[in-house]
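S.K.: Handing you a structure now.
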Amino acid sequence: MQPTRTDILISGGGVAGLSAAAAFGTAGFDVVVVDPAPPVTEGDAADADLRTTAFLQPSRDVLARAGLWERLAPFAAPLQVMQIIDAGGPEPVARVQKAFDAEDISDEPFGWNLQNWLLRREMLARVTELPNVDFRAGIGTADVLTRATEARVRLTDGSMVSAQLLIAADGRNSPVREALGIDVQTTRYGQKALAFAVTHPLPHDSVSTEIHRSGGPFTLVPLPDLDGQPRSAIVWMERGPEAQRLAALPVPEFEAEMNARSTGLLGHLTLVSRRSVWPIISQIAERFSGERTALMAEAAHVVPPIGAQGLNMSLADLRLLLDLAEANRDALGSPEMLAQYHRKRYPDVRTRIAGIDMLNRASMAAAQPLRDARAQGLKALYGLAPVRKSLMQLGLGVR
């Protein structure tokens with residue numbers, strides 16, 4: 001059987017993989033993208049991804065290059081202010097409350113929040129309309145053989161694909177990364193995250209809020225209104241056993257606990273979705289490239305959901321890969337191109353992972369003296385205007 005020949009093969013059809021397929025397809029490359037699980041594109045489906053993604057300004061620009069932003073913008077909730085609340089005192093009430101306003105550094109919001117299942121729906125629609133993108137749902141990567149001139153991949157349906165560039169966007173347990181023998185460094189926190197949506201009587205006013213007490217942050221992120229009621233997505237991180245206990249509670253008991261944890265910020269919260277539970281780790285691959293192969297997104301790095309960094313780091317990978325591919329059309333997937341990708345992305349990713357690790361450990365603190373120190377640290381950082389602005393620019397990916 002003769003292999004299908006293509007410029008780029010993308011292993012992984014999640015949000016990152018579909019973004020990459022749309023971006024490279026829009027740029028004129030021939031693309032094959034595969035994923036063993038067809039994307040779930042309805043919010044009420046049993047296995048729908050109920051998490052949300054906040055796309056920061058640089059990521060919006062990447063999505064625009066891919067022809068995606070015009071599809072996504074009507075469903076996006078703007079994030080004008082990022083607020084941090086410390087509720088680590090003896091009672092679960094706000095004792096330190098600081099807001100970071102995008103107006104201080106930009107004439108645009110920090111970012112825009114969208115639901116993950118909806119992202120898949122719109123991204124799949126964009127990929128489907130590109131004649132040079134071949135999306136094969138329900139088919140995964142079985143074996144990888146790389147040579148100096150190509151990556152030859154056998155898929156789970158027995159077919160073969162020969163690509164100049166293989167992109168691994170196939171998750172934290174990446175089959176491509178494992179096939180290339182690239183090791184990872186993993187940190188386990190003993191935490192899980194609950195993801196769900198709520199309505200509330202008070203408007204969120206485009207403010208995203210992280211509330212820190214113990215176990216991990218309780219984060220409220222604006223969503224578009226639901227039937228005329230303000231709505232937010234919540235990611236609630238706790239130690240594993242506590243997260244599982246919360247997930248199993250009957251709705252009235254769960255609502256009582258989440259309202260206590262929210263400090264009453266937006267009034268009474270009402271659960272309007274099912275609850276999903278996700279493990280929390282940090283992970284980084286020892287290198288982001290191999291022969292004819294680039295690792296991106298969770299195949300390269302995983303971080304806890306703090307500061308909206310996860311998928312925005314993935315789209316920073318995509319932005320650089322796209323720039324390099326367009327500059328090296330005649331040398332796509334060459335050792336020089338891939339070495340440049342690793343050299344430019346790896347230090348930034350490692351620095352961000354270290355910073356998020358520090359923030360997560362501070363948020364987990366249970367001992368009262370450590371919680372008090374966290375509150376004082378927040379006051380000190382916010383009180384220094386140059387530091388505050390630098391932190392906001394760093395969060396957006398601005399150097």
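Quick note on naming: the chains in the structure tokens go A, B, ... in the order shown, residues restart at 1 in each chain, and ligands are numbered from 1 in order of appearance.
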Write out as a list in words which residues come within 9 Å of Gln2 (chain A) when counting only C-alpha atoms, dropping same-chain ones fewer than 4 positions away.
M.R.: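 In the requested format, the answer is Ser159, Met160 and Val161 of chain A.
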S.K.: Fewer than 4 positions away in the same chain doesn't count, so skip those; otherwise give me all residues within 12 Å of Glu129 (chain A), counting only C-alpha atoms, as an MDAnalysis selection string.
M.R.: chainID A and resid 21:22 25:26 67:68 122:125 133:135
S.K.: If we count only C-alpha atoms, what is near Pro74 (chain A) at a cut-off of 12 Å, once residues fewer than 6 positions away on the same chain are taken out, given as number ranges by chain?
M.R.: A: 68, 112-114, 118-119, 122, 223-224
S.K.: Which residue, A:Arg239, A:Arg126, A:Arg71, A:Arg95, has the smallest gap to Ile280 (chain A) when you use only C-alpha atoms?
M.R.: A:Arg239
S.K.: According to DSSP computed on the backbone, where in region 207-308 of chain A is there alpha helix (DSSP H)? Give the residues as a list in words.
M.R.: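 Put together, the selection reads Gly240, Pro241, Glu242, Ala243, Gln244, Arg245, Leu246, Ala247, Ala248, Val251, Pro252, Glu253, Phe254, Glu255, Ala256, Glu257, Met258, Asn259, Ala260 and Arg261 of chain A.
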S.K.: Could you please take those selected residues and save all heavy atoms as a short mmCIF file (atom, residue, chain, number, x, y, z; two decimals), in the first residue's frame?
M.R.:
```cif
data_model
loop_
_atom_site.label_atom_id
_atom_site.label_comp_id
_atom_site.auth_asym_id
_atom_site.auth_seq_id
_atom_site.Cartn_x
_atom_site.Cartn_y
_atom_site.Cartn_z
N GLY A 240 -7.24 15.53 45.91
CA GLY A 240 -8.01 14.51 45.22
C GLY A 240 -9.22 13.96 45.97
O GLY A 240 -10.34 13.98 45.44
N PRO A 241 -9.05 13.46 47.20
CA PRO A 241 -10.21 12.90 47.91
C PRO A 241 -11.32 13.92 48.13
O PRO A 241 -12.51 13.59 48.02
CB PRO A 241 -9.60 12.43 49.23
CG PRO A 241 -8.16 12.17 48.92
CD PRO A 241 -7.80 13.22 47.92
N GLU A 242 -10.97 15.17 48.43
CA GLU A 242 -11.98 16.20 48.64
C GLU A 242 -12.71 16.50 47.33
O GLU A 242 -13.95 16.70 47.32
CB GLU A 242 -11.34 17.46 49.21
CG GLU A 242 -12.27 18.65 49.37
CD GLU A 242 -13.40 18.43 50.37
OE1 GLU A 242 -13.47 17.36 51.01
OE2 GLU A 242 -14.23 19.35 50.51
N ALA A 243 -11.98 16.57 46.22
CA ALA A 243 -12.62 16.82 44.93
C ALA A 243 -13.61 15.71 44.58
O ALA A 243 -14.72 15.97 44.10
CB ALA A 243 -11.57 16.95 43.83
N GLN A 244 -13.22 14.47 44.86
CA GLN A 244 -14.13 13.34 44.57
C GLN A 244 -15.35 13.40 45.48
O GLN A 244 -16.47 13.10 45.05
CB GLN A 244 -13.38 12.01 44.74
CG GLN A 244 -12.23 11.80 43.77
CD GLN A 244 -12.70 11.51 42.34
OE1 GLN A 244 -13.86 11.69 42.01
NE2 GLN A 244 -11.79 11.07 41.50
N ARG A 245 -15.17 13.78 46.73
CA ARG A 245 -16.32 13.92 47.64
C ARG A 245 -17.28 14.97 47.14
O ARG A 245 -18.51 14.75 47.10
CB ARG A 245 -15.82 14.29 49.05
CG ARG A 245 -16.95 14.40 50.09
CD ARG A 245 -16.46 14.99 51.40
NE ARG A 245 -16.20 16.42 51.30
CZ ARG A 245 -17.14 17.36 51.42
NH1 ARG A 245 -18.41 17.02 51.61
NH2 ARG A 245 -16.82 18.65 51.33
N LEU A 246 -16.74 16.12 46.73
CA LEU A 246 -17.59 17.20 46.23
C LEU A 246 -18.34 16.78 44.97
O LEU A 246 -19.52 17.09 44.80
CB LEU A 246 -16.74 18.44 45.95
CG LEU A 246 -16.16 19.16 47.17
CD1 LEU A 246 -15.08 20.13 46.74
CD2 LEU A 246 -17.25 19.88 47.95
N ALA A 247 -17.65 16.08 44.09
CA ALA A 247 -18.27 15.68 42.83
C ALA A 247 -19.43 14.72 43.04
O ALA A 247 -20.36 14.68 42.23
CB ALA A 247 -17.23 15.03 41.92
N ALA A 248 -19.39 13.96 44.14
CA ALA A 248 -20.42 12.95 44.40
C ALA A 248 -21.59 13.49 45.21
O ALA A 248 -22.59 12.78 45.40
CB ALA A 248 -19.79 11.76 45.12
N VAL A 251 -26.95 17.66 44.45
CA VAL A 251 -26.87 19.05 44.00
C VAL A 251 -27.09 20.06 45.13
O VAL A 251 -26.32 21.01 45.26
CB VAL A 251 -27.83 19.31 42.82
CG1 VAL A 251 -27.93 20.80 42.51
CG2 VAL A 251 -27.36 18.55 41.60
N PRO A 252 -28.11 19.91 45.99
CA PRO A 252 -28.29 20.92 47.04
C PRO A 252 -27.10 21.05 47.97
O PRO A 252 -26.69 22.16 48.32
CB PRO A 252 -29.54 20.43 47.79
CG PRO A 252 -30.27 19.60 46.80
CD PRO A 252 -29.21 18.93 45.99
N GLU A 253 -26.50 19.91 48.36
CA GLU A 253 -25.33 19.95 49.24
C GLU A 253 -24.12 20.53 48.52
O GLU A 253 -23.34 21.30 49.09
CB GLU A 253 -24.99 18.55 49.77
CG GLU A 253 -25.96 18.05 50.82
CD GLU A 253 -27.16 17.32 50.22
OE1 GLU A 253 -27.50 17.57 49.04
OE2 GLU A 253 -27.76 16.51 50.95
N PHE A 254 -23.97 20.18 47.22
CA PHE A 254 -22.86 20.74 46.46
C PHE A 254 -23.00 22.25 46.32
O PHE A 254 -22.03 22.99 46.49
CB PHE A 254 -22.78 20.08 45.08
CG PHE A 254 -21.67 20.62 44.24
CD1 PHE A 254 -20.36 20.25 44.47
CD2 PHE A 254 -21.92 21.53 43.21
CE1 PHE A 254 -19.31 20.75 43.71
CE2 PHE A 254 -20.89 22.04 42.44
CZ PHE A 254 -19.59 21.65 42.69
N GLU A 255 -24.21 22.72 46.02
CA GLU A 255 -24.41 24.16 45.88
C GLU A 255 -24.12 24.89 47.18
O GLU A 255 -23.56 26.00 47.17
CB GLU A 255 -25.85 24.45 45.42
CG GLU A 255 -26.08 24.10 43.96
CD GLU A 255 -27.45 24.54 43.48
OE1 GLU A 255 -28.35 24.72 44.32
OE2 GLU A 255 -27.63 24.70 42.25
N ALA A 256 -24.44 24.29 48.31
CA ALA A 256 -24.14 24.92 49.59
C ALA A 256 -22.63 25.07 49.77
O ALA A 256 -22.14 26.12 50.21
CB ALA A 256 -24.74 24.10 50.73
N GLU A 257 -21.88 24.03 49.41
CA GLU A 257 -20.42 24.09 49.57
C GLU A 257 -19.79 25.08 48.59
O GLU A 257 -18.88 25.83 48.95
CB GLU A 257 -19.83 22.68 49.39
CG GLU A 257 -20.32 21.68 50.44
CD GLU A 257 -19.19 21.03 51.18
OE1 GLU A 257 -18.05 21.52 51.12
OE2 GLU A 257 -19.45 20.00 51.83
N MET A 258 -20.26 25.09 47.34
CA MET A 258 -19.64 26.01 46.38
C MET A 258 -19.99 27.46 46.71
O MET A 258 -19.19 28.36 46.47
CB MET A 258 -20.02 25.66 44.94
CG MET A 258 -21.40 26.03 44.50
SD MET A 258 -21.61 25.74 42.73
CE MET A 258 -23.37 26.11 42.54
N ASN A 259 -21.17 27.70 47.27
CA ASN A 259 -21.50 29.07 47.66
C ASN A 259 -20.66 29.54 48.83
O ASN A 259 -20.24 30.70 48.88
CB ASN A 259 -23.01 29.17 47.97
CG ASN A 259 -23.84 29.41 46.72
OD1 ASN A 259 -23.82 30.49 46.16
ND2 ASN A 259 -24.52 28.37 46.26
N ALA A 260 -20.36 28.65 49.77
CA ALA A 260 -19.46 29.01 50.86
C ALA A 260 -18.06 29.31 50.33
O ALA A 260 -17.41 30.27 50.75
CB ALA A 260 -19.42 27.89 51.89
N ARG A 261 -17.61 28.51 49.36
CA ARG A 261 -16.26 28.66 48.82
C ARG A 261 -16.13 29.92 47.95
O ARG A 261 -15.04 30.49 47.82
CB ARG A 261 -15.90 27.42 48.01
CG ARG A 261 -14.46 27.37 47.51
CD ARG A 261 -13.46 27.27 48.65
NE ARG A 261 -12.11 27.08 48.15
CZ ARG A 261 -11.34 28.05 47.68
NH1 ARG A 261 -11.78 29.30 47.65
NH2 ARG A 261 -10.12 27.78 47.23
#
```
S.K.: Compile the contact shell of region 316-332 of chain A as a list in words: residues with an atom at most 7 Å away, counting only C-alpha atoms, same-chain residues fewer than 2 positions apart removed.
M.R.: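 Close residues of region 316-332 of chain A: Ala20, Phe24, Val62, Gln164, Leu165, Met296, Asn312, Met313, Ser314, Ser334, Met337, Tyr341 and Arg345 of chain A.
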S.K.: What does the distance between CA of Ile356 (chain A) and CA of Ser59 (chain A) come to in Å, to one decimal place?
M.R.: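 Going from CA of Ile356 (chain A) over to CA of Ser59 (chain A) covers 18.9 Å.
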S.K.: Neighbouring residues of Ile10 (chain A) were defined as those with any atom within 12 Å, considering only C-alpha atoms; residues of the same chain fewer than 6 positions away were excluded. Please report them as a count of residues only.
M.R.: 47
S.K.: Can you tell me, as a PyMOL selection string, what residues are no more than 6 Å from Pro230 (chain A) when counting only C-alpha atoms, ignoring any on the same chain fewer than 5 positions away?
M.R.: chain A and resi 199-200+203+225
S.K.: Got a sec: who's within 8 Å of Ala179 (chain A), counting only C-alpha atoms, leaving out chain neighbours fewer than 4 positions off, as a list in words?
M.R.: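 In the requested format, the answer is Asp143, Val144 and Pro175 of chain A.
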S.K.: Please save N, CA, C and O atoms of the selected residues as a compact mmCIF listing (two decimals), in the first residue's frame.
M.R.:
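Output saved as selection-v5.txt:
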```txt
# COMPACT_ATOMS: atom_id res chain seq x y z
N ASP A 143 2.20 3.58 14.77
CA ASP A 143 3.66 3.49 14.77
C ASP A 143 4.25 4.68 14.05
O ASP A 143 3.64 5.23 13.11
N VAL A 144 5.47 5.06 14.46
CA VAL A 144 6.16 6.19 13.84
C VAL A 144 7.57 5.75 13.46
O VAL A 144 8.30 5.18 14.28
N PRO A 175 1.28 9.32 22.13
CA PRO A 175 1.87 8.16 21.46
C PRO A 175 3.08 8.52 20.59
O PRO A 175 4.03 7.75 20.50
```
S.K.: Between CA of Gly138 (chain A) and CA of Gly12 (chain A), what distance in Å does the model show, to one decimal?
M.R.: 10.6 Å
S.K.: From the list A:Arg275, A:Arg374, A:Arg120, A:Arg60, which residue is nearest Ile84 (chain A) when using only C-alpha atoms?
M.R.: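 Of A:Arg275, A:Arg374, A:Arg120, A:Arg60, the one nearest Ile84 (chain A) is A:Arg374, counting only C-alpha atoms.
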S.K.: Go through A:Asp227, A:Asp44, A:Asp357, A:Glu298 and flag the residue nearest Arg172 (chain A), using only C-alpha atoms for the distances.
M.R.: A:Glu298
S.K.: Rank A:Gly89, A:Gly158, A:Pro347, A:Pro201 by their smallest atom-to-atom distance to Leu269 (chain A), using only C-alpha atoms, and report the top residue only.
M.R.: A:Pro201
S.K.: Taking only C-alpha atoms into account, which of A:Ala137, A:Met82, A:Leu9, A:Leu180 comes nearest Pro38 (chain A)?
M.R.: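 Distance minimum relative to Pro38 (chain A) lands on A:Ala137.
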S.K.: Assign secondary structure with DSSP using the backbone only, and return the residues of region 68-115 of chain A in strand (DSSP E) as number ranges by chain.
M.R.: A: 77-79, 81-86, 96-101, 111-115
S.K.: What is the CA of Ala375 (chain A)-CA of Gly215 (chain A) distance in Å, reported with one decimal?
M.R.: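 Computing it gives 15.3 Å between the two atoms.
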S.K.: Return the single residue from A:Glu291, A:Leu359, A:Pro305, A:Glu286 that is closest to Thr149 (chain A), with distances computed using only C-alpha atoms.
M.R.: A:Glu291
